[in-house]
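Asker: Submitted below is the structure of interest, expressed as C-alpha cells.
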Amino acid sequence: MKLDEIPVMKERVINAAVEEFGKSGLRFTMDDVAKNLGISKKTLYKIYDSKEEMLLDVADYSFADIKKSEREIVDDENLDTLTKIRRIMIVLPERYQNRGLSKLYTLKDKYPSIYQRVTTYLSTDWDATIRLLEQGIEEGVIRPVSIPVLRAMVESTFKDFVSDSVLVENGISYEDALDEMIEIVINGIKAN
C-alpha cells in the first residue's frame, strides 16, 4: 500500500486508530475511534467492516510510512553514512513516537494475522539498509561484518520486542528499546 493511494478518510481513521492504540493498547474499540474522529460508529463501519480489517490497514500504512522515512534518510545529503545507518535501522516516523508500541506483542494472540503481517514486514526489504552497511564498510566507518548475521540479530531483536512483554514488564518504551539496541549494535560494529 502506497501512502498516496490511501483515501483521506481512511487515513484519518488509521491515524485515530494509532492514537487510540497509544492510549489503550488493543482494548480500544471502534466506538473509541469513531468518537476520536467525531463520526458515528455506523459511518466508521462503512469504511471498515471490522476492527481487524482496520488494524490490517494500520499495519500496511505504518510500514509504508516507515519505508518513506527510510528513503528520506538515504536521500539526506546532510547525514554521514554512520548516522544514516543508525537512523535507518531504527526508523520510526514521528507520528508513531510514544504510541505504546511496546504493547505490539498483544497482537500475537488476539490478531494473529496482523501479528504475522507485522513480523513479515520486520524481515523484508532490507535493501536500503544493506546498501548503507556496505557503503559504511567501504568508507571504513564500520568494520567489516557479516551483514547477514547483523541483519539476523537486528530482525530477531525487533521480533522479540513485538512478540514478548519484556518491554512492558521492565517499563521500557519501544522507542527507548530501539535507541538502546542501536547503540549496542553501532558500538559493536564501529571501526576504531
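Every chain in the C-alpha cells takes a letter, A first, then B, and so on in the order presented; its residues are numbered from 1, and the ligands are numbered from 1 following the presented order.
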I'd like the neighbourhood of segment 43-55 of chain A as a compact mmCIF listing (two decimals) with N, CA and C atoms, in the first residue's frame, where a residue qualifies if any of its atoms comes within 8 Å (using only C-alpha atoms), though same-chain residues fewer than 3 positions away should be ignored.
Answerer:
```
# COMPACT_ATOMS: atom_id res chain seq x y z
N LYS A 10 -9.87 7.25 5.12
CA LYS A 10 -9.19 6.07 5.66
C LYS A 10 -7.93 6.48 6.41
N ILE A 14 -7.06 5.62 10.21
CA ILE A 14 -5.81 4.95 10.58
C ILE A 14 -5.08 5.75 11.65
N ALA A 17 -6.86 5.40 14.91
CA ALA A 17 -6.64 4.07 15.48
C ALA A 17 -5.26 3.99 16.14
N THR A 29 -11.78 0.46 21.12
CA THR A 29 -12.91 -0.08 20.35
C THR A 29 -13.14 0.77 19.10
N MET A 30 -13.97 0.24 18.23
CA MET A 30 -14.37 1.01 17.05
C MET A 30 -15.10 2.27 17.50
N ALA A 34 -14.37 6.12 16.41
CA ALA A 34 -15.43 6.99 15.89
C ALA A 34 -15.52 8.28 16.70
N ILE A 39 -17.29 11.10 14.37
CA ILE A 39 -18.23 10.49 13.43
C ILE A 39 -18.99 9.39 14.16
N SER A 40 -20.05 8.90 13.54
CA SER A 40 -20.80 7.82 14.17
C SER A 40 -20.10 6.49 13.93
N VAL A 58 -3.84 -0.41 9.22
CA VAL A 58 -2.91 0.33 10.07
C VAL A 58 -1.50 -0.24 9.89
N ALA A 59 -1.37 -1.57 9.90
CA ALA A 59 -0.05 -2.19 9.73
C ALA A 59 0.53 -1.84 8.37
N TYR A 111 -4.94 -11.09 17.42
CA TYR A 111 -4.99 -10.87 15.98
C TYR A 111 -3.77 -11.50 15.32
N ILE A 114 -2.59 -10.21 11.86
CA ILE A 114 -1.94 -8.89 11.89
C ILE A 114 -0.53 -9.03 12.47
```
Asker: Please report, as a PyMOL selection string, each residue of segment 17-83 of chain A to which DSSP assigns helix (DSSP H, G or I) when run on this structure's backbone.
Answerer: chain A and resi 17-27+30-37+41-47+51-75+81-83
Asker: Would you save the residues of that selection, restricted to C-alpha atoms, as a PDB file, in the first residue's frame?
Answerer:
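Output file again13.pdb follows:
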```pdb
ATOM      1  CA  ALA A  17      -6.638   4.070  15.483  1.00  0.00           C
ATOM      2  CA  VAL A  18      -2.899   4.605  16.086  1.00  0.00           C
ATOM      3  CA  GLU A  19      -3.748   7.303  18.626  1.00  0.00           C
ATOM      4  CA  GLU A  20      -6.289   5.076  20.392  1.00  0.00           C
ATOM      5  CA  PHE A  21      -3.812   2.179  20.434  1.00  0.00           C
ATOM      6  CA  GLY A  22      -1.340   4.510  22.128  1.00  0.00           C
ATOM      7  CA  LYS A  23      -3.898   5.266  24.834  1.00  0.00           C
ATOM      8  CA  SER A  24      -5.394   1.822  25.424  1.00  0.00           C
ATOM      9  CA  GLY A  25      -3.453  -0.809  23.521  1.00  0.00           C
ATOM     10  CA  LEU A  26      -5.710  -3.296  21.783  1.00  0.00           C
ATOM     11  CA  ARG A  27      -8.505  -2.575  24.268  1.00  0.00           C
ATOM     12  CA  MET A  30     -14.374   1.007  17.046  1.00  0.00           C
ATOM     13  CA  ASP A  31     -16.532   3.345  19.139  1.00  0.00           C
ATOM     14  CA  ASP A  32     -13.362   4.969  20.537  1.00  0.00           C
ATOM     15  CA  VAL A  33     -12.078   5.566  17.011  1.00  0.00           C
ATOM     16  CA  ALA A  34     -15.433   6.989  15.891  1.00  0.00           C
ATOM     17  CA  LYS A  35     -15.532   9.346  18.893  1.00  0.00           C
ATOM     18  CA  ASN A  36     -11.942  10.403  18.206  1.00  0.00           C
ATOM     19  CA  LEU A  37     -12.985  11.373  14.682  1.00  0.00           C
ATOM     20  CA  LYS A  41     -19.820   4.211  14.619  1.00  0.00           C
ATOM     21  CA  LYS A  42     -22.164   3.431  11.723  1.00  0.00           C
ATOM     22  CA  THR A  43     -20.112   5.722   9.470  1.00  0.00           C
ATOM     23  CA  LEU A  44     -16.919   4.037  10.632  1.00  0.00           C
ATOM     24  CA  TYR A  45     -18.359   0.628   9.761  1.00  0.00           C
ATOM     25  CA  LYS A  46     -18.993   1.907   6.221  1.00  0.00           C
ATOM     26  CA  ILE A  47     -15.249   2.413   5.946  1.00  0.00           C
ATOM     27  CA  LYS A  51     -11.519  -3.739  13.817  1.00  0.00           C
ATOM     28  CA  GLU A  52      -9.264  -6.434  12.370  1.00  0.00           C
ATOM     29  CA  GLU A  53      -9.672  -5.064   8.831  1.00  0.00           C
ATOM     30  CA  MET A  54      -8.823  -1.597  10.137  1.00  0.00           C
ATOM     31  CA  LEU A  55      -5.773  -2.908  12.012  1.00  0.00           C
ATOM     32  CA  LEU A  56      -4.507  -4.656   8.871  1.00  0.00           C
ATOM     33  CA  ASP A  57      -4.633  -1.297   7.087  1.00  0.00           C
ATOM     34  CA  VAL A  58      -2.909   0.327  10.073  1.00  0.00           C
ATOM     35  CA  ALA A  59      -0.054  -2.193   9.728  1.00  0.00           C
ATOM     36  CA  ASP A  60       0.210  -1.669   5.960  1.00  0.00           C
ATOM     37  CA  TYR A  61       0.041   2.103   6.240  1.00  0.00           C
ATOM     38  CA  SER A  62       2.549   2.222   9.089  1.00  0.00           C
ATOM     39  CA  PHE A  63       5.138   0.202   7.231  1.00  0.00           C
ATOM     40  CA  ALA A  64       4.614   2.221   4.031  1.00  0.00           C
ATOM     41  CA  ASP A  65       5.243   5.296   6.189  1.00  0.00           C
ATOM     42  CA  ILE A  66       8.407   3.708   7.587  1.00  0.00           C
ATOM     43  CA  LYS A  67       9.658   2.968   4.057  1.00  0.00           C
ATOM     44  CA  LYS A  68       9.023   6.599   3.102  1.00  0.00           C
ATOM     45  CA  SER A  69      11.060   7.714   6.115  1.00  0.00           C
ATOM     46  CA  GLU A  70      13.849   5.309   5.124  1.00  0.00           C
ATOM     47  CA  ARG A  71      14.031   6.897   1.667  1.00  0.00           C
ATOM     48  CA  GLU A  72      14.255  10.350   3.260  1.00  0.00           C
ATOM     49  CA  ILE A  73      17.165   9.185   5.426  1.00  0.00           C
ATOM     50  CA  VAL A  74      19.027   7.654   2.473  1.00  0.00           C
ATOM     51  CA  ASP A  75      18.480  10.779   0.356  1.00  0.00           C
ATOM     52  CA  THR A  81      26.895   7.237   6.445  1.00  0.00           C
ATOM     53  CA  LEU A  82      27.140   6.154  10.094  1.00  0.00           C
ATOM     54  CA  THR A  83      24.293   8.491  11.071  1.00  0.00           C
TER      55      THR A  83
END
```
Asker: Which residues come within 12 Å of Ile90 of chain A, counting only C-alpha atoms, excluding same-chain residues fewer than 5 positions away, as a list in words?
Answerer: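 Result of the neighbour search: Ile66, Lys67, Ser69, Glu70, Ile73, Thr83, Lys84, Ile85, Gln97, Leu122, Thr129, Val154, Glu155, Thr157, Phe158, Tyr174, Glu175, Asp176, Ala177, Leu178, Asp179, Glu180, Met181, Ile182, Glu183, Val185 and Ile186 of chain A.
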Asker: Go ahead and write the selection's residues with N, CA and C atoms as a compact mmCIF listing (two decimals), in the first residue's frame.
Answerer:
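out-v4.txt was written with the following content:
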```txt
# COMPACT_ATOMS: atom_id res chain seq x y z
N ILE A 66 7.03 3.99 7.19
CA ILE A 66 8.41 3.71 7.59
C ILE A 66 9.31 3.67 6.36
N LYS A 67 8.85 3.04 5.28
CA LYS A 67 9.66 2.97 4.06
C LYS A 67 9.88 4.37 3.48
N SER A 69 10.06 7.10 5.24
CA SER A 69 11.06 7.71 6.11
C SER A 69 12.46 7.17 5.82
N GLU A 70 12.55 5.88 5.50
CA GLU A 70 13.85 5.31 5.12
C GLU A 70 14.41 6.01 3.89
N ILE A 73 15.87 9.33 4.76
CA ILE A 73 17.16 9.19 5.43
C ILE A 73 18.26 8.94 4.39
N THR A 83 25.56 7.94 10.57
CA THR A 83 24.29 8.49 11.07
C THR A 83 23.12 7.90 10.30
N LYS A 84 23.27 7.77 8.98
CA LYS A 84 22.20 7.17 8.18
C LYS A 84 21.94 5.73 8.62
N ILE A 85 23.01 4.97 8.86
CA ILE A 85 22.85 3.58 9.30
C ILE A 85 22.10 3.55 10.63
N GLN A 97 5.77 7.84 17.43
CA GLN A 97 6.52 8.00 18.66
C GLN A 97 5.54 8.06 19.84
N LEU A 122 8.91 -6.76 9.33
CA LEU A 122 10.18 -6.55 10.01
C LEU A 122 11.34 -7.29 9.35
N THR A 129 19.09 -0.57 3.77
CA THR A 129 19.96 -0.74 4.94
C THR A 129 21.22 -1.49 4.56
N VAL A 154 19.44 -8.06 14.31
CA VAL A 154 18.53 -6.92 14.42
C VAL A 154 17.09 -7.39 14.23
N GLU A 155 16.84 -8.23 13.22
CA GLU A 155 15.49 -8.75 13.00
C GLU A 155 14.99 -9.50 14.22
N THR A 157 15.85 -9.11 17.28
CA THR A 157 15.57 -8.15 18.35
C THR A 157 14.21 -7.49 18.12
N PHE A 158 13.97 -7.02 16.88
CA PHE A 158 12.67 -6.42 16.56
C PHE A 158 11.54 -7.40 16.85
N TYR A 174 9.12 1.29 23.58
CA TYR A 174 9.64 0.72 22.33
C TYR A 174 10.73 1.62 21.76
N GLU A 175 10.50 2.93 21.81
CA GLU A 175 11.47 3.88 21.29
C GLU A 175 12.78 3.83 22.05
N ASP A 176 12.72 3.75 23.39
CA ASP A 176 13.94 3.65 24.20
C ASP A 176 14.66 2.33 23.92
N ALA A 177 13.89 1.26 23.73
CA ALA A 177 14.50 -0.04 23.43
C ALA A 177 15.22 0.01 22.09
N LEU A 178 14.62 0.66 21.09
CA LEU A 178 15.28 0.79 19.79
C LEU A 178 16.58 1.59 19.93
N ASP A 179 16.53 2.69 20.67
CA ASP A 179 17.73 3.51 20.86
C ASP A 179 18.84 2.71 21.54
N GLU A 180 18.49 1.95 22.56
CA GLU A 180 19.49 1.15 23.27
C GLU A 180 20.05 0.05 22.37
N MET A 181 19.17 -0.60 21.62
CA MET A 181 19.61 -1.67 20.72
C MET A 181 20.58 -1.12 19.68
N ILE A 182 20.25 0.02 19.08
CA ILE A 182 21.12 0.55 18.03
C ILE A 182 22.45 1.02 18.60
N GLU A 183 22.45 1.54 19.82
CA GLU A 183 23.72 1.92 20.44
C GLU A 183 24.61 0.71 20.63
N VAL A 185 24.49 -2.12 18.91
CA VAL A 185 24.91 -2.59 17.59
C VAL A 185 25.99 -1.68 17.01
N ILE A 186 25.74 -0.37 16.99
CA ILE A 186 26.70 0.55 16.37
C ILE A 186 28.03 0.51 17.10
```
Asker: My list of candidates is A:Val141, A:Leu167, A:Ile184, A:Ile172. Which is closest to Met153 of chain A when distances are computed with only C-alpha atoms?
Answerer: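 Nearest candidate to Met153 of chain A out of A:Val141, A:Leu167, A:Ile184, A:Ile172: A:Ile184.
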Asker: Using only C-alpha atoms, which of the listed residues (A:Ala128, A:Leu150, A:Leu104, A:Ile88) sits closest to Val168 of chain A?
Answerer: A:Leu104
Asker: I'd like to know which of A:Val8, A:Glu77, A:Thr106, A:Thr120 is closest to Val166 of chain A, using only C-alpha atoms.
Answerer: A:Thr106
Asker: Could you tell me how far atom CA of Glu134 of chain A sits from atom CA of Arg117 of chain A, in Å to one decimal place?
Answerer: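 According to the coordinates, atom CA of Arg117 of chain A and atom CA of Glu134 of chain A are separated by 27.9 Å.
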